[in-house]
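Scroll down for the structure; my scribbles are underneath it.
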Amino acid sequence: MGDPTPLVYARLFAELPETEALFVRDTLGAVRGEMLAVAFQCLLDLDGSYGANFIAAERVNHDAFGVAPEAFARFFPIVRDVCRESLGADWTAEFERAWAERLERVAGLVHA
Ligand code: HEM
């Protein structure tokens with residue numbers, strides 16, 4: 001499906017326009033790329049302690065620089081929606097279930 005980064009951030013800025021200005025210093029896109037990569041790592045490592053601890057820590061860090069926990073939590077469903085749309089007919093019921101299960105756990109971590 002290629003690099004989903006531009007699609008993820010286009011969707012984020014469409015849904016939460018106030019977040020775009022926060023990336024003004026990210027002129028090369030390195031922060032945006034790193035953030036998405038780390039979000040995928042967290043989703044893949046929710047069973048170990050890495051993912052859960054990382055999400056809990058970043059939720060607090062982000063709140064401090066102006067991203068409220070509700071906005072922070074939106075990032076993961078936005079990533080799922082971009083993956084689903086990009087895969088089109090290749091998106092399966094198994095993918096849908098796996099994402100739903102992980103998104104539910106992430107929501108529990110963010111709103112804890
Ligand atoms: C709508 C949700 C989010 C917004 C608006 C947002 C915004 C930002 C911004 C503006 C920065 C740069 C901070 C700076 O000036 O140094 C940043 C960095 C970062 N964010 Fe997010 N973030 C969101 C969600 C997340 C999520 C869900 C994760 C992963 C769990 C995450 C992980 C990171 C990491 C690891 C960095 C540091 C990247 C680096 O500097 O190399 N963010 N975020």
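Chain labels A, B, ... are given in the sequence in which chains occur in the structure tokens; within each chain residues are numbered consecutively from 1, and ligands are likewise numbered from 1 in the order shown.
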
Can I get the residues close to ligand 1 as a CSV table (one decimal) with N, CA and C atoms, in the first residue's frame, where close means within 10 Å and we count only C-alpha atoms and all ligand atoms?
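Generated file (out-v5.csv):
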```
chain,number,residue,atom,x,y,z
A,9,TYR,N,-1.5,11.9,8.0
A,9,TYR,CA,-1.5,13.3,8.5
A,9,TYR,C,-2.6,14.2,7.8
A,12,LEU,N,-5.6,13.4,9.8
A,12,LEU,CA,-5.5,14.0,11.1
A,12,LEU,C,-5.8,15.5,11.1
A,13,PHE,N,-5.2,16.2,10.1
A,13,PHE,CA,-5.4,17.6,10.0
A,13,PHE,C,-6.8,18.0,9.5
A,15,GLU,N,-9.5,16.1,10.4
A,15,GLU,CA,-10.3,15.8,11.6
A,15,GLU,C,-10.1,16.8,12.7
A,16,LEU,N,-8.8,17.1,13.0
A,16,LEU,CA,-8.4,17.9,14.1
A,16,LEU,C,-7.5,19.0,13.6
A,17,PRO,N,-8.1,20.0,12.9
A,17,PRO,CA,-7.3,21.1,12.2
A,17,PRO,C,-6.4,21.8,13.1
A,18,GLU,N,-6.7,21.9,14.4
A,18,GLU,CA,-5.9,22.7,15.3
A,18,GLU,C,-4.5,22.0,15.6
A,19,THR,N,-4.4,20.7,15.2
A,19,THR,CA,-3.2,20.0,15.5
A,19,THR,C,-2.1,20.3,14.4
A,20,GLU,N,-2.5,20.8,13.3
A,20,GLU,CA,-1.5,21.0,12.2
A,20,GLU,C,-0.4,22.0,12.6
A,21,ALA,N,-0.8,23.1,13.2
A,21,ALA,CA,0.2,24.1,13.6
A,21,ALA,C,1.2,23.6,14.6
A,22,LEU,N,0.9,22.5,15.3
A,22,LEU,CA,1.9,22.0,16.3
A,22,LEU,C,3.1,21.4,15.6
A,23,PHE,N,3.0,21.1,14.3
A,23,PHE,CA,4.1,20.5,13.5
A,23,PHE,C,4.9,21.5,12.7
A,24,VAL,N,4.7,22.8,13.0
A,24,VAL,CA,5.3,23.8,12.2
A,24,VAL,C,6.8,23.7,12.1
A,25,ARG,N,7.4,23.2,13.2
A,25,ARG,CA,8.9,23.1,13.2
A,25,ARG,C,9.4,21.8,12.6
A,26,ASP,N,8.4,20.9,12.2
A,26,ASP,CA,8.8,19.6,11.6
A,26,ASP,C,8.9,19.8,10.1
A,29,GLY,N,9.5,16.6,8.1
A,29,GLY,CA,8.5,15.5,8.3
A,29,GLY,C,9.1,14.3,9.2
A,30,ALA,N,10.3,14.5,9.8
A,30,ALA,CA,10.9,13.5,10.6
A,30,ALA,C,10.1,13.1,11.8
A,31,VAL,N,9.5,14.2,12.5
A,31,VAL,CA,8.7,13.9,13.7
A,31,VAL,C,7.5,13.1,13.3
A,32,ARG,N,6.8,13.6,12.2
A,32,ARG,CA,5.6,12.9,11.8
A,32,ARG,C,5.9,11.4,11.4
A,33,GLY,N,7.0,11.2,10.8
A,33,GLY,CA,7.3,9.8,10.4
A,33,GLY,C,7.6,9.0,11.6
A,34,GLU,N,8.4,9.5,12.5
A,34,GLU,CA,8.7,8.8,13.8
A,34,GLU,C,7.5,8.5,14.6
A,35,MET,N,6.6,9.5,14.7
A,35,MET,CA,5.4,9.3,15.5
A,35,MET,C,4.6,8.2,15.0
A,36,LEU,N,4.4,8.1,13.7
A,36,LEU,CA,3.6,7.1,13.1
A,36,LEU,C,4.3,5.7,13.3
A,37,ALA,N,5.6,5.7,13.1
A,37,ALA,CA,6.3,4.4,13.2
A,37,ALA,C,6.2,3.9,14.7
A,38,VAL,N,6.3,4.8,15.6
A,38,VAL,CA,6.2,4.4,17.0
A,38,VAL,C,4.8,4.0,17.4
A,39,ALA,N,3.8,4.6,16.8
A,39,ALA,CA,2.4,4.2,17.0
A,39,ALA,C,2.2,2.8,16.5
A,40,PHE,N,2.7,2.4,15.4
A,40,PHE,CA,2.6,1.1,14.9
A,40,PHE,C,3.3,0.1,15.8
A,41,GLN,N,4.5,0.5,16.3
A,41,GLN,CA,5.2,-0.4,17.2
A,41,GLN,C,4.4,-0.6,18.5
A,42,CYS,N,3.8,0.4,19.0
A,42,CYS,CA,3.0,0.2,20.2
A,42,CYS,C,1.8,-0.7,19.9
A,43,LEU,N,1.2,-0.6,18.8
A,43,LEU,CA,0.0,-1.4,18.5
A,43,LEU,C,0.5,-2.9,18.4
A,51,GLY,N,4.5,-1.3,24.7
A,51,GLY,CA,3.4,-0.5,24.1
A,51,GLY,C,2.6,0.2,25.1
A,52,ALA,N,2.2,-0.5,26.1
A,52,ALA,CA,1.3,0.1,27.1
A,52,ALA,C,2.0,1.3,27.9
A,53,ASN,N,3.3,1.0,28.2
A,53,ASN,CA,4.0,2.1,29.0
A,53,ASN,C,4.3,3.3,28.1
A,54,PHE,N,4.6,3.0,26.8
A,54,PHE,CA,4.9,4.1,25.9
A,54,PHE,C,3.7,5.0,25.7
A,55,ILE,N,2.6,4.4,25.5
A,55,ILE,CA,1.3,5.1,25.3
A,55,ILE,C,1.0,5.9,26.5
A,56,ALA,N,1.1,5.3,27.7
A,56,ALA,CA,0.8,6.0,28.9
A,56,ALA,C,1.8,7.3,29.1
A,57,ALA,N,3.0,7.1,28.8
A,57,ALA,CA,4.0,8.2,28.9
A,57,ALA,C,3.8,9.3,27.9
A,58,GLU,N,3.5,8.9,26.7
A,58,GLU,CA,3.3,9.9,25.6
A,58,GLU,C,2.0,10.7,25.8
A,59,ARG,N,1.0,10.0,26.4
A,59,ARG,CA,-0.2,10.7,26.6
A,59,ARG,C,0.0,11.9,27.5
A,61,ASN,N,3.1,13.4,28.1
A,61,ASN,CA,4.0,14.3,27.4
A,61,ASN,C,3.2,15.2,26.4
A,62,HIS,N,2.3,14.5,25.7
A,62,HIS,CA,1.5,15.3,24.7
A,62,HIS,C,0.6,16.3,25.3
A,63,ASP,N,0.0,15.9,26.4
A,63,ASP,CA,-0.9,16.8,27.1
A,63,ASP,C,-0.2,18.1,27.5
A,65,PHE,N,2.3,19.4,25.9
A,65,PHE,CA,2.5,20.4,24.8
A,65,PHE,C,1.3,20.6,23.9
A,66,GLY,N,0.1,20.4,24.6
A,66,GLY,CA,-1.1,20.9,24.0
A,66,GLY,C,-2.0,19.9,23.2
A,67,VAL,N,-1.6,18.6,23.3
A,67,VAL,CA,-2.5,17.6,22.7
A,67,VAL,C,-3.3,16.9,23.9
A,68,ALA,N,-4.5,17.3,24.0
A,68,ALA,CA,-5.4,16.7,25.1
A,68,ALA,C,-5.5,15.2,24.8
A,69,PRO,N,-5.7,14.4,25.9
A,69,PRO,CA,-5.8,12.9,25.8
A,69,PRO,C,-6.8,12.5,24.8
A,70,GLU,N,-8.0,13.2,24.6
A,70,GLU,CA,-9.0,12.8,23.7
A,70,GLU,C,-8.4,12.9,22.2
A,71,ALA,N,-7.7,14.0,22.0
A,71,ALA,CA,-7.1,14.1,20.6
A,71,ALA,C,-6.0,13.1,20.4
A,72,PHE,N,-5.2,12.9,21.5
A,72,PHE,CA,-4.1,11.9,21.4
A,72,PHE,C,-4.7,10.5,21.0
A,73,ALA,N,-5.8,10.2,21.6
A,73,ALA,CA,-6.4,8.9,21.4
A,73,ALA,C,-6.9,8.7,20.0
A,74,ARG,N,-7.3,9.8,19.3
A,74,ARG,CA,-7.8,9.8,18.0
A,74,ARG,C,-6.8,9.3,16.9
A,75,PHE,N,-5.5,9.4,17.3
A,75,PHE,CA,-4.5,9.1,16.3
A,75,PHE,C,-4.6,7.6,15.8
A,76,PHE,N,-4.9,6.7,16.7
A,76,PHE,CA,-4.9,5.3,16.4
A,76,PHE,C,-6.1,4.9,15.5
A,77,PRO,N,-7.3,5.3,15.7
A,77,PRO,CA,-8.4,5.0,14.8
A,77,PRO,C,-8.1,5.7,13.4
A,78,ILE,N,-7.5,6.9,13.4
A,78,ILE,CA,-7.2,7.5,12.1
A,78,ILE,C,-6.2,6.6,11.3
A,79,VAL,N,-5.2,6.1,12.0
A,79,VAL,CA,-4.3,5.2,11.3
A,79,VAL,C,-5.1,3.9,10.8
A,106,VAL,N,-6.2,0.2,23.5
A,106,VAL,CA,-5.5,1.5,23.5
A,106,VAL,C,-6.4,2.6,24.2
A,110,VAL,N,-5.5,5.0,27.2
A,110,VAL,CA,-5.5,6.5,27.1
A,110,VAL,C,-6.4,7.1,28.1
```

Within 12 Å of Ala100 (chain A), counting only C-alpha atoms, which residues qualify if same-chain residues fewer than 4 places away don't, as a PDB file with C-alpha atoms, in the first residue's frame?
```pdb
ATOM      1  CA  LEU A  43       0.032  -1.446  18.461  1.00  0.00           C
ATOM      2  CA  PHE A  76      -4.895   5.288  16.388  1.00  0.00           C
ATOM      3  CA  PRO A  77      -8.383   5.050  14.786  1.00  0.00           C
ATOM      4  CA  ARG A  80      -6.732   2.218  11.125  1.00  0.00           C
ATOM      5  CA  ASP A  81      -9.089   4.124   8.815  1.00  0.00           C
ATOM      6  CA  ARG A  84      -8.582   0.174   5.709  1.00  0.00           C
ATOM      7  CA  ALA A  93     -12.750  -9.362   8.496  1.00  0.00           C
ATOM      8  CA  GLU A  94      -9.700 -10.621  10.395  1.00  0.00           C
ATOM      9  CA  PHE A  95      -7.942  -7.244  10.008  1.00  0.00           C
ATOM     10  CA  GLU A  96     -11.123  -5.522  11.166  1.00  0.00           C
ATOM     11  CA  GLU A 104     -10.285  -0.946  22.412  1.00  0.00           C
ATOM     12  CA  ARG A 105      -7.206  -1.722  24.510  1.00  0.00           C
ATOM     13  CA  VAL A 106      -5.515   1.519  23.491  1.00  0.00           C
ATOM     14  CA  ALA A 107      -8.645   3.481  24.429  1.00  0.00           C
TER      15      ALA A 107
END
```

To one decimal place, how far is CA of Glu85 (chain A) from CA of Val8 (chain A) in Å?
11.0 Å

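In terms of minimum interatomic distance to Pro4 (chain A), A:Val82 ranks closest within A:Val82, A:Gly108, A:Ala89, A:Trp99, counting only C-alpha atoms.
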
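Between Gly2 (chain A) and the candidates A:Ala64, A:Ala14, A:Leu46, A:Leu87, the tightest atom-to-atom separation, counting only C-alpha atoms, involves A:Leu87.
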
Using DSSP secondary structure from the backbone, list all alpha helix (DSSP H) positions within chain A, as number ranges by chain.
A: 5-15, 30-44, 49-64, 69-87, 93-110
